[in-house]
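> final-v9.tsv is reproduced in full below (TSV, C-alpha atoms and all ligand atoms).
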chain	number	residue	atom	x	y	z
A	1	MET	CA	18.39	25.29	-12.98
A	2	ASP	CA	15.46	24.80	-10.61
A	3	THR	CA	14.20	21.51	-9.13
A	4	LYS	CA	11.14	21.47	-11.42
A	5	ALA	CA	13.31	21.62	-14.57
A	6	ILE	CA	15.72	18.95	-13.22
A	7	LEU	CA	12.83	16.53	-12.47
A	8	ILE	CA	11.26	17.03	-15.91
A	9	ILE	CA	14.58	16.63	-17.78
A	10	ALA	CA	15.42	13.50	-15.73
A	11	ALA	CA	11.98	12.00	-16.54
A	12	LEU	CA	12.44	12.86	-20.23
A	13	ILE	CA	15.85	11.13	-20.38
A	14	VAL	CA	14.71	8.00	-18.48
A	15	ILE	CA	11.52	7.58	-20.57
A	16	PHE	CA	13.41	8.30	-23.84
A	17	LEU	CA	15.92	5.54	-23.02
A	18	LEU	CA	13.19	3.10	-21.94
A	19	GLU	CA	11.12	3.63	-25.10
A	20	THR	CA	14.29	3.16	-27.19
A	21	VAL	CA	14.88	-0.28	-25.61
A	22	PHE	CA	11.18	-1.31	-25.34
A	23	PRO	CA	9.35	0.41	-28.25
A	24	HIS	CA	5.60	-0.08	-28.89
A	25	TYR	CA	5.82	1.02	-32.54
A	26	ARG	CA	8.99	-0.47	-34.03
A	27	GLY	CA	11.20	0.75	-36.83
A	28	ARG	CA	11.51	4.35	-35.68
A	29	ARG	CA	14.65	5.88	-37.15
A	30	ASP	CA	16.15	9.34	-36.76
A	31	ARG	CA	14.69	9.71	-33.28
A	32	VAL	CA	17.04	12.59	-32.47
A	33	LYS	CA	16.01	14.41	-35.67
A	34	HIS	CA	12.36	13.83	-34.72
A	35	GLY	CA	12.80	15.03	-31.14
A	36	LEU	CA	15.08	18.02	-31.71
A	37	PRO	CA	12.35	20.46	-32.90
A	38	HIS	CA	10.32	19.45	-29.82
A	39	VAL	CA	13.25	20.17	-27.48
A	40	ILE	CA	13.83	23.57	-29.17
A	41	THR	CA	10.08	24.31	-28.78
A	42	ALA	CA	10.29	23.42	-25.07
A	43	LEU	CA	13.25	25.80	-24.65
A	44	LEU	CA	11.34	28.56	-26.45
A	45	ASN	CA	8.25	27.90	-24.31
A	46	SER	CA	10.31	27.92	-21.10
A	47	LEU	CA	11.80	31.33	-22.05
A	48	ILE	CA	8.31	32.77	-22.68
A	49	THR	CA	7.21	31.31	-19.33
A	50	LYS	CA	10.24	32.53	-17.39
A	51	PHE	CA	10.26	36.09	-18.70
A	52	ALA	CA	6.54	36.78	-19.05
A	53	LEU	CA	3.95	34.19	-18.07
A	54	VAL	CA	5.30	33.34	-14.63
A	55	LEU	CA	5.38	37.03	-13.66
A	56	VAL	CA	1.69	37.47	-14.53
A	57	THR	CA	0.81	34.24	-12.70
A	58	ILE	CA	2.69	35.30	-9.54
A	59	ALA	CA	1.06	38.75	-9.61
A	60	VAL	CA	-2.44	37.19	-9.84
A	61	ILE	CA	-1.73	34.65	-7.05
A	62	GLU	CA	-0.35	37.41	-4.78
A	63	TRP	CA	-3.37	39.62	-5.48
A	64	GLY	CA	-5.72	36.74	-4.63
A	65	LYS	CA	-3.80	36.00	-1.43
A	66	THR	CA	-3.84	39.64	-0.28
A	67	ASN	CA	-7.59	39.88	-0.86
A	68	SER	CA	-8.34	36.35	0.48
A	69	ILE	CA	-10.02	35.28	-2.76
A	70	GLY	CA	-10.77	31.65	-3.57
A	71	LEU	CA	-11.84	28.30	-2.19
A	72	THR	CA	-8.77	27.64	-0.02
A	73	HIS	CA	-9.30	30.94	1.84
A	74	MET	CA	-12.96	30.08	2.50
A	75	LEU	CA	-12.31	26.56	3.80
A	76	SER	CA	-9.88	26.02	6.64
A	77	LEU	CA	-8.53	22.64	5.67
A	78	SER	CA	-5.32	20.80	6.48
A	79	PRO	CA	-2.57	21.35	3.85
A	80	THR	CA	-3.00	17.77	2.53
A	81	ALA	CA	-6.80	18.03	2.17
A	82	GLU	CA	-6.38	21.44	0.52
A	83	LEU	CA	-3.82	20.04	-1.92
A	84	ILE	CA	-6.07	17.12	-2.90
A	85	ILE	CA	-9.12	19.35	-3.48
A	86	VAL	CA	-7.15	21.92	-5.46
A	87	PHE	CA	-5.53	19.20	-7.61
A	88	LEU	CA	-8.87	17.51	-8.38
A	89	PHE	CA	-10.54	20.76	-9.46
A	90	PHE	CA	-7.52	21.87	-11.47
A	91	ASP	CA	-7.38	18.50	-13.23
A	92	ILE	CA	-11.07	18.91	-14.16
A	93	TRP	CA	-10.22	22.35	-15.55
A	94	MET	CA	-7.39	20.81	-17.62
A	95	TYR	CA	-9.86	18.23	-18.97
A	96	PHE	CA	-12.33	20.88	-20.15
A	97	TRP	CA	-9.55	23.12	-21.46
A	98	HIS	CA	-8.24	20.25	-23.58
A	99	ARG	CA	-11.78	19.45	-24.76
A	100	ALA	CA	-12.28	23.13	-25.71
A	101	ASN	CA	-9.06	22.94	-27.76
A	102	HIS	CA	-10.72	20.27	-29.89
A	103	ASN	CA	-14.14	21.94	-30.10
A	104	PHE	CA	-13.32	25.56	-30.92
A	105	GLY	CA	-11.76	26.26	-34.30
A	106	PHE	CA	-9.51	29.07	-33.10
A	107	LEU	CA	-8.03	26.97	-30.25
A	108	TRP	CA	-7.75	23.89	-32.49
A	109	ARG	CA	-5.50	25.86	-34.90
A	110	PHE	CA	-2.84	25.96	-32.17
A	111	HIS	CA	-3.55	22.56	-30.61
A	112	ARG	CA	-3.40	20.77	-33.98
A	113	ALA	CA	0.35	21.56	-34.06
A	114	HIS	CA	0.62	19.06	-31.17
A	115	HIS	CA	-1.50	16.47	-33.03
A	116	SER	CA	0.33	16.78	-36.36
A	117	ASP	CA	3.24	14.65	-35.09
A	118	THR	CA	3.16	11.40	-37.09
A	119	GLU	CA	5.58	9.50	-34.84
A	120	MET	CA	4.48	10.12	-31.26
A	121	ASP	CA	7.04	9.51	-28.54
A	122	THR	CA	7.92	11.09	-25.19
A	123	THR	CA	9.30	14.22	-26.92
A	124	THR	CA	5.78	14.87	-28.32
A	125	ALA	CA	4.95	15.93	-24.75
A	126	LEU	CA	7.16	19.00	-25.45
A	127	ARG	CA	5.42	19.76	-28.76
A	128	PHE	CA	2.99	22.47	-27.70
A	129	HIS	CA	2.68	25.62	-29.78
A	130	PRO	CA	3.73	28.83	-27.93
A	131	GLY	CA	0.30	30.25	-28.86
A	132	GLU	CA	-1.42	27.41	-26.98
A	133	LEU	CA	0.89	27.95	-24.00
A	134	VAL	CA	0.07	31.68	-23.83
A	135	LEU	CA	-3.70	31.07	-24.23
A	136	SER	CA	-3.76	28.30	-21.61
A	137	THR	CA	-1.71	30.34	-19.11
A	138	PHE	CA	-4.02	33.36	-19.34
A	139	LEU	CA	-7.28	31.41	-19.40
A	140	ARG	CA	-6.37	29.36	-16.33
A	141	LEU	CA	-5.73	32.48	-14.22
A	142	PRO	CA	-9.41	32.87	-13.17
A	143	ILE	CA	-9.40	29.18	-12.12
A	144	VAL	CA	-6.19	29.66	-10.08
A	145	LEU	CA	-7.86	32.64	-8.44
A	146	LEU	CA	-11.21	30.89	-7.80
A	147	LEU	CA	-9.42	27.94	-6.22
A	148	GLY	CA	-7.11	30.21	-4.22
A	149	MET	CA	-4.15	28.16	-5.44
A	150	SER	CA	-0.73	28.93	-4.04
A	151	LEU	CA	2.34	29.12	-6.28
A	152	GLY	CA	3.71	25.98	-4.57
A	153	GLN	CA	0.53	24.01	-5.36
A	154	LEU	CA	0.59	25.20	-8.98
A	155	VAL	CA	4.27	24.28	-9.43
A	156	LEU	CA	3.69	20.83	-7.87
A	157	PHE	CA	0.71	20.24	-10.16
A	158	GLU	CA	2.82	21.25	-13.17
A	159	VAL	CA	5.62	18.84	-12.23
A	160	LEU	CA	3.12	15.96	-11.93
A	161	LEU	CA	1.38	17.03	-15.14
A	162	ASN	CA	4.66	17.22	-17.07
A	163	ILE	CA	5.85	13.80	-15.89
A	164	SER	CA	2.43	12.29	-16.64
A	165	THR	CA	2.48	13.92	-20.11
A	166	LEU	CA	5.98	12.58	-20.86
A	167	PHE	CA	4.80	9.10	-19.83
A	168	HIS	CA	1.50	8.94	-21.73
A	169	HIS	CA	3.03	10.29	-24.96
A	170	SER	CA	5.87	7.77	-24.81
A	171	ASN	CA	6.40	4.96	-27.29
A	172	LEU	CA	7.00	2.63	-24.37
A	173	ALA	CA	5.58	-0.88	-24.84
A	174	VAL	CA	3.60	-1.13	-21.62
A	175	PRO	CA	1.99	-4.62	-21.56
A	176	GLU	CA	-1.78	-4.27	-22.10
A	177	LYS	CA	-2.70	-5.80	-18.72
A	178	TRP	CA	-0.48	-3.24	-16.93
A	179	ASP	CA	-1.85	-0.46	-19.10
A	180	ARG	CA	-5.42	-1.54	-18.27
A	181	LEU	CA	-4.62	-1.58	-14.57
A	182	LEU	CA	-2.88	1.82	-14.67
A	183	ARG	CA	-5.62	3.48	-16.71
A	184	THR	CA	-8.15	2.80	-13.97
A	185	ILE	CA	-6.35	5.71	-12.27
A	186	ILE	CA	-4.13	7.68	-14.67
A	187	VAL	CA	-3.74	8.36	-18.40
A	188	THR	CA	-1.63	5.65	-20.05
A	189	PRO	CA	0.23	5.44	-23.37
A	190	ASN	CA	-2.46	3.17	-24.93
A	191	MET	CA	-5.16	5.59	-23.84
A	192	HIS	CA	-3.38	8.62	-25.30
A	193	ARG	CA	-2.44	6.78	-28.54
A	194	VAL	CA	-6.17	6.63	-29.27
A	195	HIS	CA	-6.29	10.42	-28.73
A	196	HIS	CA	-3.52	10.85	-31.35
A	197	SER	CA	-5.26	8.59	-33.91
A	198	ILE	CA	-5.85	9.92	-37.45
A	199	GLU	CA	-9.56	8.96	-37.00
A	200	GLN	CA	-11.46	12.02	-35.79
A	201	PHE	CA	-13.87	10.07	-33.56
A	202	GLU	CA	-10.81	8.75	-31.72
A	203	THR	CA	-8.97	12.10	-31.64
A	204	ASN	CA	-12.04	13.57	-29.95
A	205	SER	CA	-11.77	11.25	-26.94
A	206	ASN	CA	-9.47	10.68	-23.94
A	207	TYR	CA	-8.89	14.35	-23.11
A	208	THR	CA	-7.78	14.04	-19.51
A	209	SER	CA	-4.23	14.96	-18.42
A	210	LEU	CA	-3.70	13.21	-15.10
A	211	LEU	CA	-6.64	11.16	-13.78
A	212	SER	CA	-8.57	8.96	-16.21
A	213	VAL	CA	-11.77	9.30	-14.18
A	214	TRP	CA	-12.81	12.55	-15.93
A	215	ASP	CA	-13.07	10.86	-19.34
A	216	ARG	CA	-15.18	8.09	-17.82
A	217	LEU	CA	-17.35	10.59	-15.96
A	218	PHE	CA	-17.92	12.96	-18.89
A	219	GLY	CA	-18.39	10.24	-21.51
A	220	SER	CA	-15.23	10.65	-23.57
A	221	PHE	CA	-13.33	7.52	-22.51
A	222	ARG	CA	-12.38	5.30	-25.45
A	223	THR	CA	-10.14	2.28	-25.82
A	224	ARG	CA	-9.00	0.32	-28.84
A	225	LYS	CA	-8.05	-3.34	-28.85
A	226	ASP	CA	-5.05	-3.13	-31.16
A	227	THR	CA	-3.24	0.16	-30.68
A	228	LEU	CA	-0.44	-1.05	-33.00
A	229	THR	CA	-2.72	-0.50	-36.02
A	230	ILE	CA	-3.40	3.16	-35.13
A	231	THR	CA	-2.13	5.67	-37.69
A	232	ILE	CA	-0.76	8.53	-35.56
A	233	GLY	CA	-1.29	12.16	-36.59
A	234	LEU	CA	-3.85	14.11	-38.60
A	235	PRO	CA	-5.16	13.54	-42.13
A	236	VAL	CA	-3.47	16.88	-42.99
A	237	PHE	CA	-0.01	18.30	-42.14
A	238	ARG	CA	1.64	14.90	-42.69
A	239	GLU	CA	4.38	16.28	-44.95
A	240	MET	CA	7.93	16.37	-43.64
A	241	ASN	CA	8.03	20.20	-43.46
A	242	TYR	CA	5.28	20.14	-40.78
A	243	GLN	CA	7.50	17.86	-38.69
A	244	ARG	CA	10.31	20.44	-38.72
A	245	LEU	CA	10.46	23.43	-36.39
A	246	TRP	CA	9.32	26.11	-38.83
A	247	GLY	CA	6.50	23.97	-40.25
A	248	PHE	CA	5.30	23.27	-36.70
A	249	LEU	CA	5.38	26.96	-35.77
A	250	VAL	CA	3.36	28.05	-38.83
A	251	THR	CA	0.80	25.21	-38.55
A	252	PRO	CA	-1.87	27.43	-36.84
A	253	PHE	CA	-1.71	29.91	-39.74
A	254	ARG	CA	-2.07	27.37	-42.56
A	255	PRO	CA	-5.43	26.51	-44.12
A	256	GLY	CA	-6.74	23.02	-43.41
B	301	ZN	ZN	-5.63	16.89	-28.01
B	302	ZN	ZN	-1.04	14.49	-26.79
Could you write out this structure as C-alpha cells?

Amino acid sequence: MDTKAILIIAALIVIFLLETVFPHYRGRRDRVKHGLPHVITALLNSLITKFALVLVTIAVIEWGKTNSIGLTHMLSLSPTAELIIVFLFFDIWMYFWHRANHNFGFLWRFHRAHHSDTEMDTTTALRFHPGELVLSTFLRLPIVLLLGMSLGQLVLFEVLLNISTLFHHSNLAVPEKWDRLLRTIIVTPNMHRVHHSIEQFETNSNYTSLLSVWDRLFGSFRTRKDTLTITIGLPVFREMNYQRLWGFLVTPFRPG
C-alpha cells in the first residue's frame, strides 16, 4: 500500500472514531451498515484509478513535461512558490468543476449519487459515483497540462483534498466558534452540511473543496444558524434501496 492510501485510511479511521464519540447529529445507528457501501465504492474507484485513470494521467503529465507545456515551465519559480500557485489554481478548478456538477443535468445525474446520502458522515466522502470519477479525471487533464503540474504536486493535492473531504463530511460536533474560525480558511463540517441540505437553494451553495475563499469570492458562500435542523439528502432517492450499493450505482440512470 502506498503512503497516500495509508494517510487517507488513517484519517478515515481517526475521524470515524471522533465522530462516534462526539456526534453532531445524534441517534445514528447501524453506522457500519451505512458506511460499508461507501467503503466498497472507494475500493471500486481505487481499482479504476489504479488500472486505468492513473496511467492516462501519467502519460499526459509526461507529454506536457517533454514538450515544456504549462505555467510552471514558463515561470521559473522556487518549488514552494510553484506549489502554492499550482494548488490555488487547481482549487479554483475544483470549485468550478463542483459548481458545473450542480448546473449541468448530465453531470448532476452522477453527482446526485453523492448527495442522496440521508445520514452524512465521514464515509460520505467516499461516496462518489465511478462515472463522476471518470468524468472528473478526464476533464481535469487540460488543467493539469495548462498548469504544468507534476505528478508529485497532483498526488499531494489529492492527499490534502481527501483529508479535507473526510473532515468536512464528518458528523463531528465542532463547536460553532471553532467552525466559524476554521471556515475563514477551509471548508468545515457546518459549511458542507448546508451543501447537503434537502433545500435546493442551500444545496447550490458552498461548492469549494479546500479553501473557503472561492465561495466568498464567487458569491456562493452560505451559512445557517442552526445546522442541527438541516434535513440531509435530496427530496428524491430517500428510500433505503438508494442507500445500498446497487441503488447508489444505478442512481444516475433513474428518472428524477
Ligand atoms: Zn455537491
Ligand atoms: Zn459532499
> Using only C-alpha atoms and all ligand atoms, which residues of chain A come within 12 Å of ligand ZN 301 (chain B), and what is the closest atom pair for each, with the distance in Å to one decimal? Give it as JSON lines, sorted by chain and residue number.

{"residue": "A:Met94", "atom": "CA", "partner": "B:ZN301", "partner_atom": "ZN", "distance": 11.2}
{"residue": "A:Tyr95", "atom": "CA", "partner": "B:ZN301", "partner_atom": "ZN", "distance": 10.1}
{"residue": "A:Phe96", "atom": "CA", "partner": "B:ZN301", "partner_atom": "ZN", "distance": 11.1}
{"residue": "A:Trp97", "atom": "CA", "partner": "B:ZN301", "partner_atom": "ZN", "distance": 9.9}
{"residue": "A:His98", "atom": "CA", "partner": "B:ZN301", "partner_atom": "ZN", "distance": 6.1}
{"residue": "A:Arg99", "atom": "CA", "partner": "B:ZN301", "partner_atom": "ZN", "distance": 7.4}
{"residue": "A:Ala100", "atom": "CA", "partner": "B:ZN301", "partner_atom": "ZN", "distance": 9.4}
{"residue": "A:Asn101", "atom": "CA", "partner": "B:ZN301", "partner_atom": "ZN", "distance": 7.0}
{"residue": "A:His102", "atom": "CA", "partner": "B:ZN301", "partner_atom": "ZN", "distance": 6.4}
{"residue": "A:Asn103", "atom": "CA", "partner": "B:ZN301", "partner_atom": "ZN", "distance": 10.1}
{"residue": "A:Phe104", "atom": "CA", "partner": "B:ZN301", "partner_atom": "ZN", "distance": 11.9}
{"residue": "A:Leu107", "atom": "CA", "partner": "B:ZN301", "partner_atom": "ZN", "distance": 10.6}
{"residue": "A:Trp108", "atom": "CA", "partner": "B:ZN301", "partner_atom": "ZN", "distance": 8.6}
{"residue": "A:Arg109", "atom": "CA", "partner": "B:ZN301", "partner_atom": "ZN", "distance": 11.3}
{"residue": "A:Phe110", "atom": "CA", "partner": "B:ZN301", "partner_atom": "ZN", "distance": 10.4}
{"residue": "A:His111", "atom": "CA", "partner": "B:ZN301", "partner_atom": "ZN", "distance": 6.6}
{"residue": "A:Arg112", "atom": "CA", "partner": "B:ZN301", "partner_atom": "ZN", "distance": 7.5}
{"residue": "A:Ala113", "atom": "CA", "partner": "B:ZN301", "partner_atom": "ZN", "distance": 9.7}
{"residue": "A:His114", "atom": "CA", "partner": "B:ZN301", "partner_atom": "ZN", "distance": 7.3}
{"residue": "A:His115", "atom": "CA", "partner": "B:ZN301", "partner_atom": "ZN", "distance": 6.5}
{"residue": "A:Ser116", "atom": "CA", "partner": "B:ZN301", "partner_atom": "ZN", "distance": 10.3}
{"residue": "A:Asp117", "atom": "CA", "partner": "B:ZN301", "partner_atom": "ZN", "distance": 11.6}
{"residue": "A:Thr124", "atom": "CA", "partner": "B:ZN301", "partner_atom": "ZN", "distance": 11.6}
{"residue": "A:Ala125", "atom": "CA", "partner": "B:ZN301", "partner_atom": "ZN", "distance": 11.1}
{"residue": "A:Arg127", "atom": "CA", "partner": "B:ZN301", "partner_atom": "ZN", "distance": 11.4}
{"residue": "A:Phe128", "atom": "CA", "partner": "B:ZN301", "partner_atom": "ZN", "distance": 10.3}
{"residue": "A:Glu132", "atom": "CA", "partner": "B:ZN301", "partner_atom": "ZN", "distance": 11.4}
{"residue": "A:Thr165", "atom": "CA", "partner": "B:ZN301", "partner_atom": "ZN", "distance": 11.7}
{"residue": "A:His169", "atom": "CA", "partner": "B:ZN301", "partner_atom": "ZN", "distance": 11.3}
{"residue": "A:His192", "atom": "CA", "partner": "B:ZN301", "partner_atom": "ZN", "distance": 9.0}
{"residue": "A:Arg193", "atom": "CA", "partner": "B:ZN301", "partner_atom": "ZN", "distance": 10.6}
{"residue": "A:Val194", "atom": "CA", "partner": "B:ZN301", "partner_atom": "ZN", "distance": 10.4}
{"residue": "A:His195", "atom": "CA", "partner": "B:ZN301", "partner_atom": "ZN", "distance": 6.5}
{"residue": "A:His196", "atom": "CA", "partner": "B:ZN301", "partner_atom": "ZN", "distance": 7.2}
{"residue": "A:Ser197", "atom": "CA", "partner": "B:ZN301", "partner_atom": "ZN", "distance": 10.2}
{"residue": "A:Ile198", "atom": "CA", "partner": "B:ZN301", "partner_atom": "ZN", "distance": 11.7}
{"residue": "A:Gln200", "atom": "CA", "partner": "B:ZN301", "partner_atom": "ZN", "distance": 10.9}
{"residue": "A:Glu202", "atom": "CA", "partner": "B:ZN301", "partner_atom": "ZN", "distance": 10.3}
{"residue": "A:Thr203", "atom": "CA", "partner": "B:ZN301", "partner_atom": "ZN", "distance": 6.9}
{"residue": "A:Asn204", "atom": "CA", "partner": "B:ZN301", "partner_atom": "ZN", "distance": 7.5}
{"residue": "A:Ser205", "atom": "CA", "partner": "B:ZN301", "partner_atom": "ZN", "distance": 8.4}
{"residue": "A:Asn206", "atom": "CA", "partner": "B:ZN301", "partner_atom": "ZN", "distance": 8.4}
{"residue": "A:Tyr207", "atom": "CA", "partner": "B:ZN301", "partner_atom": "ZN", "distance": 6.4}
{"residue": "A:Thr208", "atom": "CA", "partner": "B:ZN301", "partner_atom": "ZN", "distance": 9.2}
{"residue": "A:Ser209", "atom": "CA", "partner": "B:ZN301", "partner_atom": "ZN", "distance": 9.9}
{"residue": "A:Gly233", "atom": "CA", "partner": "B:ZN301", "partner_atom": "ZN", "distance": 10.7}
{"residue": "A:Leu234", "atom": "CA", "partner": "B:ZN301", "partner_atom": "ZN", "distance": 11.1}
> Have a look at A:Val14, A:Leu126, A:Leu83, A:Met1 and name the one nearest to ligand ZN 302 (chain B); count only C-alpha atoms and all ligand atoms.
A:Leu126
> Tell me which protein, DNA and RNA residues are within 7 Å of Ser212 of chain A, counting all atoms listed in the file, leaving out same-chain ones fewer than 5 positions away, and put them as a short mmCIF file (atom, residue, chain, number, x, y, z; two decimals) with C-alpha atoms, keeping the file's coordinate frame.

data_model
loop_
_atom_site.label_atom_id
_atom_site.label_comp_id
_atom_site.auth_asym_id
_atom_site.auth_seq_id
_atom_site.Cartn_x
_atom_site.Cartn_y
_atom_site.Cartn_z
CA ARG A 183 -5.62 3.48 -16.71
CA THR A 184 -8.15 2.80 -13.97
CA ILE A 185 -6.35 5.71 -12.27
CA ILE A 186 -4.13 7.68 -14.67
CA VAL A 187 -3.74 8.36 -18.40
#
> In Å, how far is it from atom CA of Arg244 of chain A to atom CA of Val32 of chain A?
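Atom-to-atom, atom CA of Arg244 of chain A to atom CA of Val32 of chain A, that is 12.1 Å.
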> List the neighbours of Leu151 of chain A out to 10 Å using all atoms listed in the file; skip same-chain residues closer than 3 positions along the sequence, and give me the result as a PyMOL selection string.
chain A and resi 54+57-58+61-62+144+148+154-157
> Could those selected residues go to a file with C-alpha atoms, as a PDB file, keeping the file's coordinate frame?

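Writing done, so here's selection_20.pdb:
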ATOM      1  CA  VAL A  54       5.300  33.340 -14.630  1.00  0.00           C
ATOM      2  CA  THR A  57       0.810  34.240 -12.700  1.00  0.00           C
ATOM      3  CA  ILE A  58       2.690  35.300  -9.540  1.00  0.00           C
ATOM      4  CA  ILE A  61      -1.730  34.650  -7.050  1.00  0.00           C
ATOM      5  CA  GLU A  62      -0.350  37.410  -4.780  1.00  0.00           C
ATOM      6  CA  VAL A 144      -6.190  29.660 -10.080  1.00  0.00           C
ATOM      7  CA  GLY A 148      -7.110  30.210  -4.220  1.00  0.00           C
ATOM      8  CA  LEU A 154       0.590  25.200  -8.980  1.00  0.00           C
ATOM      9  CA  VAL A 155       4.270  24.280  -9.430  1.00  0.00           C
ATOM     10  CA  LEU A 156       3.690  20.830  -7.870  1.00  0.00           C
ATOM     11  CA  PHE A 157       0.710  20.240 -10.160  1.00  0.00           C
TER      12      PHE A 157
END
> Go through segment 120-210 of chain A and flag each residue having an atom no more than 12 Å from segment 73-79 of chain A; for those, report the closest pair of atoms plus their distance in Å to one decimal, using all atoms listed in the file, ordered by chain and rising number, as JSON lines.

{"residue": "A:Leu145", "atom": "CA", "partner": "A:His73", "partner_atom": "CA", "distance": 10.5}
{"residue": "A:Leu146", "atom": "CA", "partner": "A:His73", "partner_atom": "CA", "distance": 9.8}
{"residue": "A:Leu147", "atom": "CA", "partner": "A:His73", "partner_atom": "CA", "distance": 8.6}
{"residue": "A:Gly148", "atom": "CA", "partner": "A:His73", "partner_atom": "CA", "distance": 6.5}
{"residue": "A:Met149", "atom": "CA", "partner": "A:His73", "partner_atom": "CA", "distance": 9.3}
{"residue": "A:Ser150", "atom": "CA", "partner": "A:His73", "partner_atom": "CA", "distance": 10.6}
{"residue": "A:Gly152", "atom": "CA", "partner": "A:Pro79", "partner_atom": "CA", "distance": 11.5}
{"residue": "A:Gln153", "atom": "CA", "partner": "A:Pro79", "partner_atom": "CA", "distance": 10.1}
> Pick the closest to ligand ZN 302 (chain B) from A:Ile40, A:Val236, A:Met191, A:Leu172: which is it, counting all atoms listed in the file?
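Among the listed residues, A:Met191 lies closest to ligand ZN 302 (chain B).
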> Please determine, counting all atoms listed in the file, which residue among A:Leu7, A:Val21, A:Leu36, A:Met120 has the shortest atom-to-atom distance to ligand ZN 302 (chain B).
A:Met120
